[in-house]
Amino acid sequence: MDISGSGKKNGSVIVMELEKKPIVIACVIICIVAGTGILFALQSHNTAAEHQLPANQTVGTPVPPIASTPQTIHPPDIPLPVTITRDEATTRVQEEYSMGYSIDHINLTDRYSGKTLYEFAMVPAESSPYEKNITVFIDAETGDLYSPLQEDAGITIEQAKLRARQAFPTWTIDRVRIHYNDGTQYIRSWEFYLYKDDKELVHGSLDADTGELSTYAIGVTRMGRPENPSITIDAAQQVADREIDERNGVIPVVLSDSRLDPLGMPGEKVAGRYVFVYHRVIQNVPCDSDGFTIVVDSVAGKVIEYRKSWSLPENAVAASSKPAITKDAAIKTVAQEAAAIYPASTSSREIVSAELRWKDFHNPDKIVPMPGSIPLAWKVQFDDETIRAQQWPNPATGWVDAQNGTLLDMYYRH
């Protein structure tokens with residue numbers, strides 16, 4: 001047998017057969033090469049996903065139930081400083097947004113101011129009054145709520161925490177919870193909550209730029225509370241006066257209203273709280289907005305609410321504090337407008353008060369009053385039998401320019 005000849009013949013047959021099917025062979029080769037490339041690409045992509053992520057990328061994750069052992073959500077090779085776990089951050093968000101929103105998903109990002117943040121995409125919950133989705137950030141190093149706009153505040157969040165503690169120097173405080181209000185809905189401020197042994201002692205707000213205390217409120221327990229006040233309204237006013245002096249020094253204000261408000265639901269027999277309203281005085285005329293509201297517990301005799309508004313530049317008021325229009329003329333203007341609104345109530349309509357005021361209501365974060373732009377006006381308050389019949393009657397109000405007699409504003413609704 002000719003082995004070499006046989007091999008040559010077989011080889012020729014194979015070559016001839018291959019030459020007959022070049023397209024098939026080409027397809028086979030392409031498939032083998034492409035399959036190898038795809039496998040290599042997949043392996044490379046998986047390796048990169050496991051070990052590399054640019055610092056400004058976010059890592060999305062679904063929201064599982066809070067685990068008994070907290071777990072972080074960032075891959076271990078990402079060099080982002082994280083001391084607060086995902087579960088701790090989730091608890092913090094739920095503490096702030098317990099009603100109205102649910103968490104859709106969470107990211108971890110450092111795109112804001114070099115901070116590492118948990119980014120919560122929040123959607124309105126079922127039966128929620130809210131309609132828009134919101135985004136909430138938690139600082140992954142401190143656990144504080146973070147707003148990108150807080151970088152524009154005059155004091156930092158750490159300074160705000162210190163100021164909140166210092167506002168109550170005799171208290172033992174374990175924890176400060178704080179966040180920035182950016183002024184899109186309310187006045188810019190640092191909102192704070194102070195705790196001891198996980199019990200909320202007080203919540204309030206600080207001026208966003210100065211750190212000055214603007215408001216605070218302390219809860220009152222109605223369980224076991226007596227039916228009648230333990231102190232008189234005069235004694236309570238002394239407490240309110242002292243609170244203003246100790247926190248602000250000598251400041252020009254006048255007491256405009258003092259009353260005992262009920263506490264709890266109507267008909268509930270518990271001692272109420274004394275409310276004192278003070279208005280700032282400029283050129284011997286009270287402002288209508290700037291001033292203080294101090295609430296004193298009628299049982300404990302301590303301040304339980306404090307609200308300060310003091311944003312009007314003194315040069316913003318009109319040059320003259322002497323009215324050219326008399327009180328009677330202002331009352332007549334308001335009465336004519338009221339008769340046009342509810343003519344059937346004319347016979348029962350009564351004037352409650354008529355006083356000179358600076359009409360100074362404005363949002364200091366959105367409006368800076370020009371010099372001389374705040375008018376001197378007569379504030380005329382009145383009611384009628386429909387208003388007096390309401391459970392909590394509030395008088396209607398008309399404003400008349402004290403220099404030219406123009407009706408500036410009117411609020412009169414049944």
# chains A, B, ... in the order shown; residues from 1 in each chain; ligands from 1
>>> select_by_dssp(residues="region 143-264 of chain A", states="helix (DSSP H, G or I)", output="number ranges by chain")
A: 148-152, 157-166, 233-248
>>> select_by_dssp(residues="region 84-270 of chain A", states="strand (DSSP E)", output="ChimeraX atom specification")
/A:101-109,117-124,134-139,145-146,175-181,189-196,199-207,213-217,253-261
>>> closest_residue(among="A:Arg280, A:Arg188, A:Arg388, A:Lys115", to="Ile138 (chain A)", atoms="only C-alpha atoms")
A:Lys115
>>> residues_around(residues="region 307-318 of chain A", least_positions_apart="3", cutoff="6 Å", atoms="only C-alpha atoms", output="number ranges by chain")
A: 214-215, 290-293, 369-375
>>> residues_around(residues="region 238-243 of chain A", least_positions_apart="4", cutoff="8 Å", atoms="only C-alpha atoms", output="list in words")
Asp234, Arg247, Phe276, Ile294, Val295, Val296, Gly301, Lys302 and Val303 of chain A
>>> write_last_selection(atoms="N, CA, C and O atoms", output="PDB file, in the first residue's frame")
ATOM      1  N   ASP A 234     -51.226  87.938  84.141  1.00  0.00           N
ATOM      2  CA  ASP A 234     -50.205  88.948  84.430  1.00  0.00           C
ATOM      3  C   ASP A 234     -48.861  88.295  84.740  1.00  0.00           C
ATOM      4  O   ASP A 234     -47.803  88.767  84.284  1.00  0.00           O
ATOM      5  N   ARG A 247     -33.259  87.047  75.426  1.00  0.00           N
ATOM      6  CA  ARG A 247     -32.768  86.582  74.124  1.00  0.00           C
ATOM      7  C   ARG A 247     -32.420  87.724  73.178  1.00  0.00           C
ATOM      8  O   ARG A 247     -31.696  87.508  72.199  1.00  0.00           O
ATOM      9  N   PHE A 276     -49.198  85.836  73.848  1.00  0.00           N
ATOM     10  CA  PHE A 276     -48.869  87.266  73.889  1.00  0.00           C
ATOM     11  C   PHE A 276     -48.259  87.665  72.549  1.00  0.00           C
ATOM     12  O   PHE A 276     -47.289  87.057  72.084  1.00  0.00           O
ATOM     13  N   ILE A 294     -45.221  85.029  71.826  1.00  0.00           N
ATOM     14  CA  ILE A 294     -44.724  84.206  72.927  1.00  0.00           C
ATOM     15  C   ILE A 294     -45.910  83.480  73.556  1.00  0.00           C
ATOM     16  O   ILE A 294     -46.922  84.100  73.889  1.00  0.00           O
ATOM     17  N   VAL A 295     -45.781  82.160  73.694  1.00  0.00           N
ATOM     18  CA  VAL A 295     -46.837  81.348  74.294  1.00  0.00           C
ATOM     19  C   VAL A 295     -46.306  80.770  75.601  1.00  0.00           C
ATOM     20  O   VAL A 295     -45.225  80.177  75.641  1.00  0.00           O
ATOM     21  N   VAL A 296     -47.078  80.946  76.677  1.00  0.00           N
ATOM     22  CA  VAL A 296     -46.678  80.502  78.010  1.00  0.00           C
ATOM     23  C   VAL A 296     -47.674  79.455  78.515  1.00  0.00           C
ATOM     24  O   VAL A 296     -48.895  79.649  78.426  1.00  0.00           O
ATOM     25  N   GLY A 301     -46.098  77.575  83.759  1.00  0.00           N
ATOM     26  CA  GLY A 301     -45.575  78.935  83.808  1.00  0.00           C
ATOM     27  C   GLY A 301     -44.290  79.108  83.016  1.00  0.00           C
ATOM     28  O   GLY A 301     -43.497  80.010  83.313  1.00  0.00           O
ATOM     29  N   LYS A 302     -44.060  78.269  81.993  1.00  0.00           N
ATOM     30  CA  LYS A 302     -42.852  78.342  81.174  1.00  0.00           C
ATOM     31  C   LYS A 302     -43.210  78.624  79.719  1.00  0.00           C
ATOM     32  O   LYS A 302     -44.306  78.282  79.261  1.00  0.00           O
ATOM     33  N   VAL A 303     -42.260  79.220  79.007  1.00  0.00           N
ATOM     34  CA  VAL A 303     -42.474  79.497  77.589  1.00  0.00           C
ATOM     35  C   VAL A 303     -42.462  78.181  76.818  1.00  0.00           C
ATOM     36  O   VAL A 303     -41.536  77.376  76.947  1.00  0.00           O
TER      37      VAL A 303
END
>>> atom_distance(atom1="CA of Phe137 (chain A)", atom2="CA of Ile84 (chain A)")
12.6 Å
>>> residues_around(residues="Lys327 (chain A)", least_positions_apart="3", cutoff="8 Å", atoms="only C-alpha atoms", output="list in words")
Ala330, Ile331, Ala354, Glu355 and Trp378 of chain A
>>> write_last_selection(atoms="N, CA and C atoms", output="short mmCIF file (atom, residue, chain, number, x, y, z; two decimals), in the first residue's frame")
data_model
loop_
_atom_site.label_atom_id
_atom_site.label_comp_id
_atom_site.auth_asym_id
_atom_site.auth_seq_id
_atom_site.Cartn_x
_atom_site.Cartn_y
_atom_site.Cartn_z
N ALA A 330 -61.03 106.49 57.32
CA ALA A 330 -60.58 105.15 56.94
C ALA A 330 -61.67 104.12 57.21
N ILE A 331 -62.36 104.24 58.34
CA ILE A 331 -63.45 103.32 58.66
C ILE A 331 -64.57 103.42 57.63
N ALA A 354 -59.45 99.93 64.91
CA ALA A 354 -58.87 100.71 63.81
C ALA A 354 -57.59 101.35 64.35
N GLU A 355 -56.45 100.91 63.82
CA GLU A 355 -55.15 101.35 64.35
C GLU A 355 -54.18 101.67 63.22
N TRP A 378 -54.09 102.65 57.92
CA TRP A 378 -55.06 102.31 58.95
C TRP A 378 -55.48 100.85 58.74
#
>>> residues_around(residues="Gln150 (chain A)", least_positions_apart="2", cutoff="10 Å", atoms="only C-alpha atoms", output="short mmCIF file (atom, residue, chain, number, x, y, z; two decimals) with N, CA and C atoms, in the first residue's frame")
data_model
loop_
_atom_site.label_atom_id
_atom_site.label_comp_id
_atom_site.auth_asym_id
_atom_site.auth_seq_id
_atom_site.Cartn_x
_atom_site.Cartn_y
_atom_site.Cartn_z
N TYR A 146 -29.26 66.65 53.48
CA TYR A 146 -28.41 67.60 52.75
C TYR A 146 -29.21 68.25 51.63
N SER A 147 -29.08 69.57 51.50
CA SER A 147 -29.64 70.32 50.39
C SER A 147 -28.50 71.01 49.66
N PRO A 148 -28.39 70.87 48.34
CA PRO A 148 -27.32 71.56 47.62
C PRO A 148 -27.31 73.06 47.87
N ASP A 152 -25.09 77.92 50.24
CA ASP A 152 -25.25 79.38 50.14
C ASP A 152 -25.60 80.02 51.48
N ALA A 153 -25.85 79.22 52.51
CA ALA A 153 -26.21 79.77 53.82
C ALA A 153 -25.01 80.47 54.45
N GLY A 154 -25.31 81.41 55.34
CA GLY A 154 -24.24 82.16 55.99
C GLY A 154 -23.47 81.37 57.01
N ILE A 155 -24.09 80.33 57.57
CA ILE A 155 -23.40 79.45 58.53
C ILE A 155 -23.53 78.01 58.05
N THR A 156 -22.56 77.20 58.40
CA THR A 156 -22.56 75.80 57.98
C THR A 156 -23.51 74.99 58.86
N ILE A 157 -23.74 73.76 58.47
CA ILE A 157 -24.61 72.89 59.24
C ILE A 157 -24.01 72.59 60.61
N HIS A 179 -31.85 70.24 59.39
CA HIS A 179 -31.85 70.30 57.92
C HIS A 179 -32.08 71.74 57.48
N TYR A 180 -31.75 71.97 56.22
CA TYR A 180 -31.81 73.32 55.66
C TYR A 180 -33.12 73.52 54.92
N ASN A 181 -33.78 74.64 55.19
CA ASN A 181 -34.97 75.04 54.45
C ASN A 181 -34.52 76.08 53.43
N ASP A 182 -34.61 75.76 52.15
CA ASP A 182 -33.99 76.59 51.12
C ASP A 182 -34.79 77.83 50.72
N ARG A 188 -35.84 81.11 54.36
CA ARG A 188 -34.62 80.32 54.50
C ARG A 188 -34.26 80.18 55.97
N SER A 189 -33.93 78.95 56.37
CA SER A 189 -33.63 78.72 57.78
C SER A 189 -32.98 77.37 57.96
N TRP A 190 -32.40 77.18 59.14
CA TRP A 190 -31.95 75.86 59.60
C TRP A 190 -33.01 75.35 60.57
N ALA A 208 -30.87 81.52 58.63
CA ALA A 208 -29.93 80.78 57.79
C ALA A 208 -28.57 81.45 57.70
#
>>> atom_distance(atom1="CA of Tyr193 (chain A)", atom2="CA of Ser98 (chain A)")
15.8 Å
>>> closest_residue(among="A:Ile178, A:Asn107, A:Thr135, A:Cys287", to="Glu95 (chain A)", atoms="only C-alpha atoms")
A:Ile178
>>> closest_residue(among="A:Lys322, A:His105, A:Arg177, A:Arg225", to="Gln283 (chain A)", atoms="only C-alpha atoms")
A:Lys322
>>> closest_residue(among="A:Asn363, A:Ile218, A:Phe120, A:Ser102", to="Ile304 (chain A)", atoms="only C-alpha atoms")
A:Ile218
>>> residues_around(residues="Ala125 (chain A)", least_positions_apart="6", cutoff="9 Å", atoms="only C-alpha atoms", output="PyMOL selection string")
chain A and resi 99-103
>>> write_last_selection(atoms="N, CA and C atoms", output="tab-separated table (two decimals), in the first residue's frame")
chain	number	residue	atom	x	y	z
A	99	MET	N	-44.88	60.55	56.22
A	99	MET	CA	-46.21	60.65	55.62
A	99	MET	C	-46.08	61.24	54.22
A	100	GLY	N	-46.82	60.67	53.29
A	100	GLY	CA	-46.94	61.30	51.98
A	100	GLY	C	-46.02	60.79	50.90
A	101	TYR	N	-44.88	60.18	51.26
A	101	TYR	CA	-43.92	59.73	50.26
A	101	TYR	C	-43.44	58.31	50.55
A	102	SER	N	-43.05	57.61	49.48
A	102	SER	CA	-42.39	56.32	49.62
A	102	SER	C	-41.12	56.35	48.78
A	103	ILE	N	-40.17	55.46	49.10
A	103	ILE	CA	-38.88	55.44	48.43
A	103	ILE	C	-38.98	54.58	47.17
>>> closest_residue(among="A:Gly143, A:Tyr97, A:Leu407, A:Arg163", to="Tyr130 (chain A)", atoms="only C-alpha atoms")
A:Tyr97
>>> atom_distance(atom1="CA of Asp409 (chain A)", atom2="CA of Thr333 (chain A)")
11.3 Å
>>> closest_residue(among="A:Ser258, A:Thr91, A:Ile187, A:Pro252", to="Ile367 (chain A)", atoms="only C-alpha atoms")
A:Ile187
